[in-house]
Structures are given as structure tokens and as C-alpha cells.
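Undergrad: The structure under discussion is supplied below as C-alpha cells; questions concerning it will follow.
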Amino acid sequence: MRVLVIGSGAREHALCVALSSDPAVTALACAPGNAGTRAVAEPAAVDVADPVAVAALATGWSADLVVIGPEVPLVAGAADAVRDAGIACFGPSEQAAQIEGSKSFAKHVMAAAGVPTARSWPVGGPAELETALDEAGAAGEGAPYVVKDDGLAAGKGVVVTTDRDAAVAHGHRVLEAGGAVLVEEYLDGPEVSLFAVTDGTTVLPLLPAQDAKRRDDGDAGPNTGGMGAYAPLPWAPPGLVDEVLATVLQPTVDEMRRRGEPFSGLLYAGLALTSRGVRVVEFNARFGDPETQVVLPLLETPLGGLLHAAATGTLADHPPLRWRDGAAVTVVVAAPGYPERPRTGDPVTGADAEGVLHAGTTVDAEGTVRSAGGRVLAVTAVGADLAAARRRAYERVAGVRLADAHWRTDIALAAVEGRISLPTGR
């Protein structure tokens with residue numbers, strides 16, 4: 001099976017590593033890829049935002065399966081273009097990808113499917129923003145304000161703050177840029193990421209993970225695309241995955257199919273385990289980053305066959321998933337200035353070591369690996385337990401050199417020390 005991965009981040013590097021170990025995968029390419037993916041996959045040039053170009057590359061390369069990593073090509077309709085070319089594609093259609101591309105759309109789907117989620121107030125203008133914040137504030141009884149961009153924002157489009165002025169300022173910035181805003185009630189309790197592979201009917205959940213969204217230790221600093229993650233979750237309540245499958249994932253997939261917009265690919269549920277039960281924070285339409293970097297190393301089932309079954313509508317016939325014992329931790333090494341104004345172009349050394357996944361890297365004419373984005377590397381390790389995986393991940397971080405790099409020192413620490421608790425009522 002010839003597999004083409006679309007994308008250039010650490011998620012795509014993790015996908016390529018997993019696919020390269022599948023005996024059924026006879027050829028592997030990653031477009032456009034990065035300095036790390038080329039070690040396991042053939043590089044190819046493509047504009048990921050151009051569905052026609054993606055389909056042309058897949059056809060010219062004679063791909064049997066295309067795996068689309070990022071949200072931008074999915075929302076642009078790349079999966080439709082690939083399927084129209086007669087090639088199996090792992091990724092939802094343009095219409096189905098709106099479950100990530102429009103938070104309002106996702107709320108409508110959840111309402112129709114009876115999926116538990118936060119109350120929300122759509123905002124179309126400055127006056128509505130003030131009213132929505134008043135209503136959310138009253139409902140939350142002094143809890144933080146939650147203001148979200150309604151469209152794609154690369155994981156950085158939400159502000160959670162007790163400062164009303166900051167909430168208003170974020171909403172105004174989005175509105176002034178021509179976007180739409182959603183104000184939501186605040187959800188208490190720890191957050192969980194749960195991926196599910198689906199062919200539009202059958203749903204197979206993967207291991208739950210937790211990422212760290214804030215830039216600095218102690219969950220301080222600005223929101224980011226994710227500064228690290230770990231899996232599994234030793235503090236998760238028994239039966240969590242079965243509960244989410246029954247109340248969130250399967251009802252959502254069934255509702256999308258009922259609407260004539262079947263969702264095939266990777267459905268990512270961002271969840272809050274609140275005092276009132278599981279609530280959906282958001283849906284994504286693809287593998288999440290950095291959670292993919294810790295979930296895939298624990299998956300023993302060959303990835304190529306799993307994704308091909310989803311892409312061809314045969315997931316019901318796929319054997320149950322198998323998982324390795326142990327745990328995985330990934331720590332993101334970011335460029336100075338991330339996320340506001342990351343500095344790029346700095347040389348990176350130690351990036352070819354075991355467990356180092358490339359996110360924002362490139363190779364110059366002299367063969368030097370250089371930073372090319374805000375999140376530069378995702379340094380990953382597997383261990384017998386979470387403490388061992390964490391210790392090994394940070395040992396690997398110490399072997400990487402990037403001038404003025406920034407990383408959190410507390411990824412998975414609260415879980416290792418048993419400091420994560422569920423709110424009363426769970």
C-alpha cells in the first residue's frame with residue numbers, strides 16, 4: 001500500500017513514524033513534510049490549501065491512501081478532491097469538516113444529537129458581545145469568561161479569563177477582523193482529548209490523552225497550540241471511554257450521517273469532566289497536536305490498515321485495537337517569542353535523536369536544520385509508567401539545542417504526583 005501523508009508538523013511526523021512500521025505500507029511520502037519526516041518518508045512539494053494540487057499529487061504519486069493531517073486542507077475540501085480522483089482518503093469531506101471549521105455548526109450538530117456541551121451565545125457584533133458576556137457571567141456565577149473565534153484558529157482562538165476587559169478585547173479583535181465570536185459558559189473540571197477513528201458508521205475510540213495548552217509552567221501564560229501531552233490518564237474515571245463513545249462520539253457520527261454529511265476520518269472530542277458530567281468543549285476534524293505524539297506510540301495495531309479501513313468504509317470488519325503497556329509523554333520545544341512573534345531561522349542540533357519529532361523545521365542549502373515555526377520540536381518518550389516516560393522525555397529534551405528555546409518543565413507532573421482530581425459530583 002502506497003500512503004501519502006499531507007502536512008508538515010509534528011503530528012504528520014508521528015503519523016509517518018507509525019505508518020513506516022506497518023508491514024502493509026510499501027511506500028510512504030509526506031507533503032510538504034519537514035526536516036524530520038524525510039528520514040522516514042519521501043518528501044514532495046504541495047500547497048496543502050489547494051485541493052486540486054493535493055489530488056494531483058496523489059494521482060501522480062499513485063497513492064493508494066491519502067492521510068490528511070491539518071485542518072486547513074480538510075476545510076478547503078482536499079479530501080473530496082482526492083476521493084473524486086478515485087483514491088481512498090482518510091479525512092472528512094469539506095461539509096463534514098465544518099464540525100471544526102465552525103463552532104456554531106458543531107453546536108447545532110450536538111444539539112440535534114443530544115450531545116452534552118457548554119451553553120453558548122453566538123455573537124455577530126459588539127453590542128451582542130456585551131450582552132452575551134452578561135448572560136454568561138450570570139450563568140457562571142463569577143466563573144471565568146470564555147470567548148472563542150467561531151472559525152479556525154490553530155488551537156489559539158480561545159480566551160479564558162476572569163478579566164472582562166480582556167474578554168471584550170479578544171471578541172472585538174475577532175469581530176473587527178471580519179470573524180464571528182462564540183461566548184460560552186465556563187466548564188469546570190480537567191480536560192481530556194479523545195480521538196476516534198470512524199468510517200461514518202462504525203466508531204473506534206483511541207486512548208484518552210491530556211495536553212497542556214498554556215505556554216508556561218503551572219498553566220500560566222498565553223494559550224497555544226499545545227506545549228505537551230501524555231497518555232494514558234491514570235486519574236480518569238473507570239468507563240470514561242465507553243461513556244464518551246455512547247454519549248458523544250457515536251451520536252455525533254450518527255447525526256452527521258442523518259444530515260447527509262457523513263463524517264469519515266478522525267473525530268477529535270475535546271472534553272471537560274465537569275461536576276455535572278462529561279461536556280464537549282470542542283470538536284476537531286483531524287488528529288490533534290500534540291496528543292497524536294503520545295497516542296500513536298502506544299498503538300500496537302498497524303496504523304495503515306486501520307486508516308485504510310476507515311477510508312474505505314470497512315471499519316466494522318477491522319479487528320479490535322491493541323495497545324502497548326506503559327505510558328508516553330511529549331514535551332514541545334518552542335521558539336523564543338512563541339506564540340505571539342516566534343523567531344525563526346535558528347539552527348537546531350540534536351533533532352535527529354530518538355523520540356524527537358519535528359514540528360516547525362526546515363533544512364537549508366548547507367544541510368543545517370533550522371527552526372521554521374513557533375513549535376519547533378515535540379520530544380517524545382515511552383516508559384513503563386508515566387513517571388518513567390516523563391523522566392525519559394526530559395532527558396531527551398536536554399539533548400536538543402535551539403537558542404533561547406522555551407519549554408514547560410511540568411508536563412504530566414500533576415498526574416504523576418496524583419494532583420489531578422475530578423470535581424464533586426462526578
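Lettering and numbering for the C-alpha cells are positional, with chains as A, B, ... in the shown order, residues counted from 1 in each chain, and ligands counted from 1 in the shown order.
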Counting only C-alpha atoms, which residues of range 300-370 of chain A fall within 7 Å of range 24-44 of chain A, and what is the closest atom pair for each with its distance in Å at one decimal, ordered by chain and rising number, as JSON lines?
TA:
```
{"residue": "A:Gly304", "atom": "CA", "partner": "A:Val25", "partner_atom": "CA", "distance": 6.5}
{"residue": "A:Leu357", "atom": "CA", "partner": "A:Gly36", "partner_atom": "CA", "distance": 6.6}
{"residue": "A:His358", "atom": "CA", "partner": "A:Gly36", "partner_atom": "CA", "distance": 5.1}
{"residue": "A:Thr361", "atom": "CA", "partner": "A:Ala35", "partner_atom": "CA", "distance": 5.6}
{"residue": "A:Thr362", "atom": "CA", "partner": "A:Ala35", "partner_atom": "CA", "distance": 5.0}
{"residue": "A:Val363", "atom": "CA", "partner": "A:Ala35", "partner_atom": "CA", "distance": 5.8}
{"residue": "A:Val369", "atom": "CA", "partner": "A:Ala35", "partner_atom": "CA", "distance": 6.6}
```
Undergrad: Which of range 134-344 of chain A counts as helix (DSSP H, G or I) under DSSP, as an NGL selection string please?
TA: :A and (134-140 or 164-176 or 217-219 or 240-258 or 292-298 or 303-311 or 315-317)
Undergrad: Write out the residues from the selection above, keeping C-alpha atoms, as a tab-separated table (two decimals), in the first residue's frame.
TA:
```tsv
chain	number	residue	atom	x	y	z
A	134	ASP	CA	-23.54	39.48	30.80
A	135	GLU	CA	-25.60	36.33	30.31
A	136	ALA	CA	-22.58	34.02	30.52
A	137	GLY	CA	-21.37	35.81	33.63
A	138	ALA	CA	-24.74	35.42	35.30
A	139	ALA	CA	-24.92	31.75	34.36
A	140	GLY	CA	-21.40	31.12	35.58
A	164	ARG	CA	-13.91	41.14	31.46
A	165	ASP	CA	-11.88	43.79	29.62
A	166	ALA	CA	-9.60	41.08	28.23
A	167	ALA	CA	-12.62	39.04	27.13
A	168	VAL	CA	-14.13	42.08	25.42
A	169	ALA	CA	-10.83	42.97	23.74
A	170	HIS	CA	-10.44	39.46	22.28
A	171	GLY	CA	-14.01	39.46	20.98
A	172	HIS	CA	-13.55	42.89	19.39
A	173	ARG	CA	-10.32	41.80	17.66
A	174	VAL	CA	-12.08	38.86	16.05
A	175	LEU	CA	-15.12	40.92	15.06
A	176	GLU	CA	-13.02	43.75	13.64
A	217	ASP	CA	4.52	26.15	33.85
A	218	GLY	CA	1.52	25.98	36.13
A	219	ASP	CA	-0.84	26.62	33.21
A	240	LEU	CA	-14.79	7.01	30.58
A	241	VAL	CA	-14.09	5.88	27.01
A	242	ASP	CA	-17.27	3.77	26.86
A	243	GLU	CA	-19.28	6.68	28.25
A	244	VAL	CA	-17.91	9.15	25.70
A	245	LEU	CA	-18.44	6.68	22.87
A	246	ALA	CA	-22.09	6.22	23.87
A	247	THR	CA	-22.97	9.85	24.67
A	248	VAL	CA	-20.71	11.90	22.39
A	249	LEU	CA	-18.88	10.12	19.58
A	250	GLN	CA	-21.46	7.67	18.22
A	251	PRO	CA	-24.40	10.12	18.46
A	252	THR	CA	-22.37	12.78	16.62
A	253	VAL	CA	-21.36	10.42	13.82
A	254	ASP	CA	-24.96	9.16	13.56
A	255	GLU	CA	-26.30	12.73	13.36
A	256	MET	CA	-23.81	13.71	10.67
A	257	ARG	CA	-24.87	10.70	8.61
A	258	ARG	CA	-28.56	11.57	9.16
A	292	THR	CA	-1.08	12.35	18.47
A	293	GLN	CA	2.57	12.19	19.50
A	294	VAL	CA	1.67	10.23	22.67
A	295	VAL	CA	-1.29	8.15	21.46
A	296	LEU	CA	0.30	6.62	18.35
A	297	PRO	CA	3.45	5.26	20.06
A	298	LEU	CA	1.15	3.21	22.32
A	303	LEU	CA	-1.89	2.17	11.57
A	304	GLY	CA	-2.04	1.88	7.78
A	305	GLY	CA	-4.62	-0.88	7.81
A	306	LEU	CA	-6.74	0.95	10.40
A	307	LEU	CA	-6.83	4.22	8.44
A	308	HIS	CA	-7.47	2.39	5.15
A	309	ALA	CA	-10.44	0.56	6.70
A	310	ALA	CA	-11.92	3.88	7.80
A	311	ALA	CA	-11.31	5.43	4.38
A	315	LEU	CA	-14.14	-0.41	9.83
A	316	ALA	CA	-16.80	-2.81	11.15
A	317	ASP	CA	-14.65	-5.69	9.89
```
Undergrad: At what distance in Å, to one decimal, does CA of Met227 in chain A lie from CA of Arg215 in chain A?
TA: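 According to the coordinates, CA of Arg215 in chain A and CA of Met227 in chain A are separated by 6.2 Å.
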Undergrad: Could you give me the residues within range 348-415 of chain A that DSSP places in strand (DSSP E), as number ranges by chain?
TA: A: 348-349, 356-358, 361-363, 369-371, 375-383, 401-402
Undergrad: The selected residues should be written to file as a JSON list (two decimals), in the first residue's frame (atoms: N, CA and C atoms).
TA:
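Saved the output as out_19.json:
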```
[["chain", "number", "residue", "atom", "x", "y", "z"],
["A", 348, "VAL", "N", 19.20, 24.18, 14.70],
["A", 348, "VAL", "CA", 18.74, 23.21, 15.68],
["A", 348, "VAL", "C", 19.67, 22.01, 15.63],
["A", 349, "THR", "N", 20.19, 21.61, 16.79],
["A", 349, "THR", "CA", 21.02, 20.41, 16.84],
["A", 349, "THR", "C", 20.40, 19.40, 17.81],
["A", 356, "VAL", "N", 12.60, 12.37, 18.88],
["A", 356, "VAL", "CA", 12.44, 13.79, 18.56],
["A", 356, "VAL", "C", 11.62, 13.90, 17.28],
["A", 357, "LEU", "N", 10.43, 14.46, 17.41],
["A", 357, "LEU", "CA", 9.55, 14.67, 16.27],
["A", 357, "LEU", "C", 9.61, 16.14, 15.85],
["A", 358, "HIS", "N", 9.72, 16.36, 14.57],
["A", 358, "HIS", "CA", 9.86, 17.73, 14.06],
["A", 358, "HIS", "C", 8.50, 18.37, 13.83],
["A", 361, "THR", "N", 10.35, 22.86, 11.32],
["A", 361, "THR", "CA", 11.75, 22.81, 10.94],
["A", 361, "THR", "C", 11.89, 22.80, 9.42],
["A", 362, "THR", "N", 13.06, 23.20, 8.97],
["A", 362, "THR", "CA", 13.41, 23.11, 7.56],
["A", 362, "THR", "C", 14.91, 22.83, 7.47],
["A", 363, "VAL", "N", 15.39, 22.52, 6.29],
["A", 363, "VAL", "CA", 16.81, 22.26, 6.07],
["A", 363, "VAL", "C", 17.32, 23.26, 5.05],
["A", 369, "VAL", "N", 19.66, 21.93, 9.92],
["A", 369, "VAL", "CA", 18.27, 22.01, 10.35],
["A", 369, "VAL", "C", 18.05, 23.34, 11.04],
["A", 370, "ARG", "N", 17.01, 24.05, 10.65],
["A", 370, "ARG", "CA", 16.70, 25.36, 11.23],
["A", 370, "ARG", "C", 15.23, 25.44, 11.65],
["A", 371, "SER", "N", 14.98, 26.28, 12.64],
["A", 371, "SER", "CA", 13.60, 26.48, 13.09],
["A", 371, "SER", "C", 12.82, 27.21, 12.01],
["A", 375, "ARG", "N", 6.26, 26.26, 17.25],
["A", 375, "ARG", "CA", 6.55, 24.98, 17.90],
["A", 375, "ARG", "C", 7.53, 24.24, 17.00],
["A", 376, "VAL", "N", 8.74, 24.05, 17.48],
["A", 376, "VAL", "CA", 9.81, 23.55, 16.63],
["A", 376, "VAL", "C", 9.93, 22.03, 16.69],
["A", 377, "LEU", "N", 9.89, 21.48, 17.90],
["A", 377, "LEU", "CA", 10.04, 20.04, 18.09],
["A", 377, "LEU", "C", 9.03, 19.53, 19.12],
["A", 378, "ALA", "N", 8.70, 18.25, 19.03],
["A", 378, "ALA", "CA", 7.92, 17.56, 20.06],
["A", 378, "ALA", "C", 8.75, 16.36, 20.50],
["A", 379, "VAL", "N", 9.33, 16.46, 21.67],
["A", 379, "VAL", "CA", 10.27, 15.43, 22.14],
["A", 379, "VAL", "C", 9.47, 14.40, 22.94],
["A", 380, "THR", "N", 9.49, 13.16, 22.48],
["A", 380, "THR", "CA", 8.58, 12.13, 22.97],
["A", 380, "THR", "C", 9.32, 10.93, 23.52],
["A", 381, "ALA", "N", 8.76, 10.33, 24.55],
["A", 381, "ALA", "CA", 9.33, 9.10, 25.11],
["A", 381, "ALA", "C", 8.23, 8.21, 25.65],
["A", 382, "VAL", "N", 8.49, 6.91, 25.63],
["A", 382, "VAL", "CA", 7.60, 5.90, 26.19],
["A", 382, "VAL", "C", 8.32, 5.26, 27.37],
["A", 383, "GLY", "N", 7.56, 4.96, 28.44],
["A", 383, "GLY", "CA", 8.14, 4.31, 29.60],
["A", 383, "GLY", "C", 7.18, 3.31, 30.20],
["A", 401, "ARG", "N", 19.41, 21.35, 21.11],
["A", 401, "ARG", "CA", 19.95, 22.70, 21.21],
["A", 401, "ARG", "C", 19.25, 23.62, 20.22],
["A", 402, "LEU", "N", 18.59, 24.65, 20.76],
["A", 402, "LEU", "CA", 17.97, 25.72, 19.98],
["A", 402, "LEU", "C", 18.09, 26.99, 20.81]]
```
Undergrad: List as a PyMOL selection string the protein and nucleic acid residues near Glu100 in chain A, meaning an atom at most 6 Å away when only C-alpha atoms are counted, but skip any in the same chain fewer than 2 places from it.
TA: chain A and resi 97-98+102+283-285
Undergrad: Just give me the gap between CA of Leu74 in chain A and CA of Thr117 in chain A in Å, one decimal is fine.
TA: 23.9 Å
Undergrad: Under the rule that only C-alpha atoms are counted, which of A:Pro92, A:Gly60, A:Gly345, A:Gly418 is the nearest residue to Pro73 in chain A?
TA: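 Of A:Pro92, A:Gly60, A:Gly345, A:Gly418, the one nearest Pro73 in chain A, counting only C-alpha atoms, is A:Pro92.
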Undergrad: Provide the CA of Thr59 in chain A to CA of Ala76 in chain A distance in Å, to one decimal place.
TA: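 CA of Thr59 in chain A sits 18.5 Å away from CA of Ala76 in chain A.
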Undergrad: Extract, using only C-alpha atoms, all DNA, RNA and protein residues at most 12 Å from range 189-192 of chain A, discarding same-chain residues fewer than 2 positions from it, and format them as a PyMOL selection string.
TA: chain A and resi 186-187+194-195+207-213+229-237+240-241+244+268-283+288+291+414-415+419-426
Undergrad: Please produce an output containing C-alpha atoms for each residue in the selection, written as a PDB file, in the first residue's frame.
TA:
```pdb
ATOM      1  CA  TYR A 186     -17.156  28.035  31.752  1.00  0.00           C
ATOM      2  CA  LEU A 187     -16.752  24.295  32.287  1.00  0.00           C
ATOM      3  CA  LEU A 194     -10.266  11.548  22.954  1.00  0.00           C
ATOM      4  CA  PHE A 195      -9.683  10.590  19.314  1.00  0.00           C
ATOM      5  CA  LEU A 207      -6.657   6.133  24.164  1.00  0.00           C
ATOM      6  CA  PRO A 208      -7.583   9.324  26.037  1.00  0.00           C
ATOM      7  CA  ALA A 209      -4.810  11.891  26.438  1.00  0.00           C
ATOM      8  CA  GLN A 210      -4.363  15.292  28.043  1.00  0.00           C
ATOM      9  CA  ASP A 211      -2.463  18.227  26.575  1.00  0.00           C
ATOM     10  CA  ALA A 212      -1.104  21.414  28.157  1.00  0.00           C
ATOM     11  CA  LYS A 213      -2.482  24.430  26.328  1.00  0.00           C
ATOM     12  CA  ALA A 229       0.801  15.905  26.312  1.00  0.00           C
ATOM     13  CA  TYR A 230       0.672  12.498  27.954  1.00  0.00           C
ATOM     14  CA  ALA A 231      -1.284   9.251  27.756  1.00  0.00           C
ATOM     15  CA  PRO A 232      -2.930   7.287  29.238  1.00  0.00           C
ATOM     16  CA  LEU A 233      -4.637   9.111  32.106  1.00  0.00           C
ATOM     17  CA  PRO A 234      -4.166   7.344  35.452  1.00  0.00           C
ATOM     18  CA  TRP A 235      -6.764   9.588  37.080  1.00  0.00           C
ATOM     19  CA  ALA A 236      -9.520   9.075  34.500  1.00  0.00           C
ATOM     20  CA  PRO A 237     -12.717   7.546  35.897  1.00  0.00           C
ATOM     21  CA  LEU A 240     -14.789   7.011  30.581  1.00  0.00           C
ATOM     22  CA  VAL A 241     -14.088   5.882  27.010  1.00  0.00           C
ATOM     23  CA  VAL A 244     -17.907   9.146  25.702  1.00  0.00           C
ATOM     24  CA  TYR A 268     -11.387  14.518  17.995  1.00  0.00           C
ATOM     25  CA  ALA A 269     -13.503  15.316  21.039  1.00  0.00           C
ATOM     26  CA  GLY A 270     -12.105  17.869  23.458  1.00  0.00           C
ATOM     27  CA  LEU A 271     -13.900  17.149  26.731  1.00  0.00           C
ATOM     28  CA  ALA A 272     -14.302  18.604  30.208  1.00  0.00           C
ATOM     29  CA  LEU A 273     -15.070  16.236  33.077  1.00  0.00           C
ATOM     30  CA  THR A 274     -17.302  18.630  34.985  1.00  0.00           C
ATOM     31  CA  SER A 275     -19.250  18.378  38.226  1.00  0.00           C
ATOM     32  CA  ARG A 276     -22.329  17.754  36.038  1.00  0.00           C
ATOM     33  CA  GLY A 277     -20.735  15.060  33.897  1.00  0.00           C
ATOM     34  CA  VAL A 278     -18.849  14.923  30.587  1.00  0.00           C
ATOM     35  CA  ARG A 279     -19.207  18.024  28.405  1.00  0.00           C
ATOM     36  CA  VAL A 280     -17.799  18.641  24.928  1.00  0.00           C
ATOM     37  CA  VAL A 281     -15.513  21.667  24.782  1.00  0.00           C
ATOM     38  CA  GLU A 282     -14.929  21.399  21.034  1.00  0.00           C
ATOM     39  CA  PHE A 283     -14.610  19.007  18.118  1.00  0.00           C
ATOM     40  CA  GLY A 288      -4.727  16.585  17.412  1.00  0.00           C
ATOM     41  CA  GLU A 291      -1.790  14.401  21.599  1.00  0.00           C
ATOM     42  CA  ALA A 414       0.442  16.814  38.230  1.00  0.00           C
ATOM     43  CA  ALA A 415      -0.703  13.385  37.007  1.00  0.00           C
ATOM     44  CA  ARG A 419      -2.727  16.123  41.946  1.00  0.00           C
ATOM     45  CA  ILE A 420      -5.493  15.899  39.337  1.00  0.00           C
ATOM     46  CA  SER A 421      -8.923  15.410  40.840  1.00  0.00           C
ATOM     47  CA  LEU A 422     -12.437  15.309  39.490  1.00  0.00           C
ATOM     48  CA  PRO A 423     -14.905  17.931  40.719  1.00  0.00           C
ATOM     49  CA  THR A 424     -17.502  16.976  43.264  1.00  0.00           C
ATOM     50  CA  GLY A 425     -20.471  15.365  41.564  1.00  0.00           C
ATOM     51  CA  ARG A 426     -18.501  13.194  39.156  1.00  0.00           C
TER      52      ARG A 426
END
```
Undergrad: I'd like the contact shell of Gly373 in chain A - 7 Å cut-off, only C-alpha atoms, skipping same-chain residues fewer than 5 positions apart - returned as a list of chain:residue names.
TA: A:Pro342, A:Thr344, A:Gly360, A:Thr361
Undergrad: Please identify all polymer residues within 9 Å of Ala353 in chain A, counting only C-alpha atoms, omitting same-chain residues fewer than 5 positions from it, and present them as a list in words.
TA: Arg396, Gly399 and Val400 of chain A
Undergrad: Could you please take those selected residues and save N, CA and C atoms as a PDB file, in the first residue's frame?
TA:
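Listing of again32.pdb after writing:
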```
ATOM      1  N   ARG A 396      15.653  13.564  26.990  1.00  0.00           N
ATOM      2  CA  ARG A 396      15.813  13.803  25.555  1.00  0.00           C
ATOM      3  C   ARG A 396      15.747  15.295  25.221  1.00  0.00           C
ATOM      4  N   GLY A 399      19.002  17.028  25.351  1.00  0.00           N
ATOM      5  CA  GLY A 399      19.934  16.781  24.259  1.00  0.00           C
ATOM      6  C   GLY A 399      19.704  17.636  23.033  1.00  0.00           C
ATOM      7  N   VAL A 400      18.671  18.479  23.078  1.00  0.00           N
ATOM      8  CA  VAL A 400      18.333  19.337  21.945  1.00  0.00           C
ATOM      9  C   VAL A 400      18.911  20.729  22.170  1.00  0.00           C
TER      10      VAL A 400
END
```
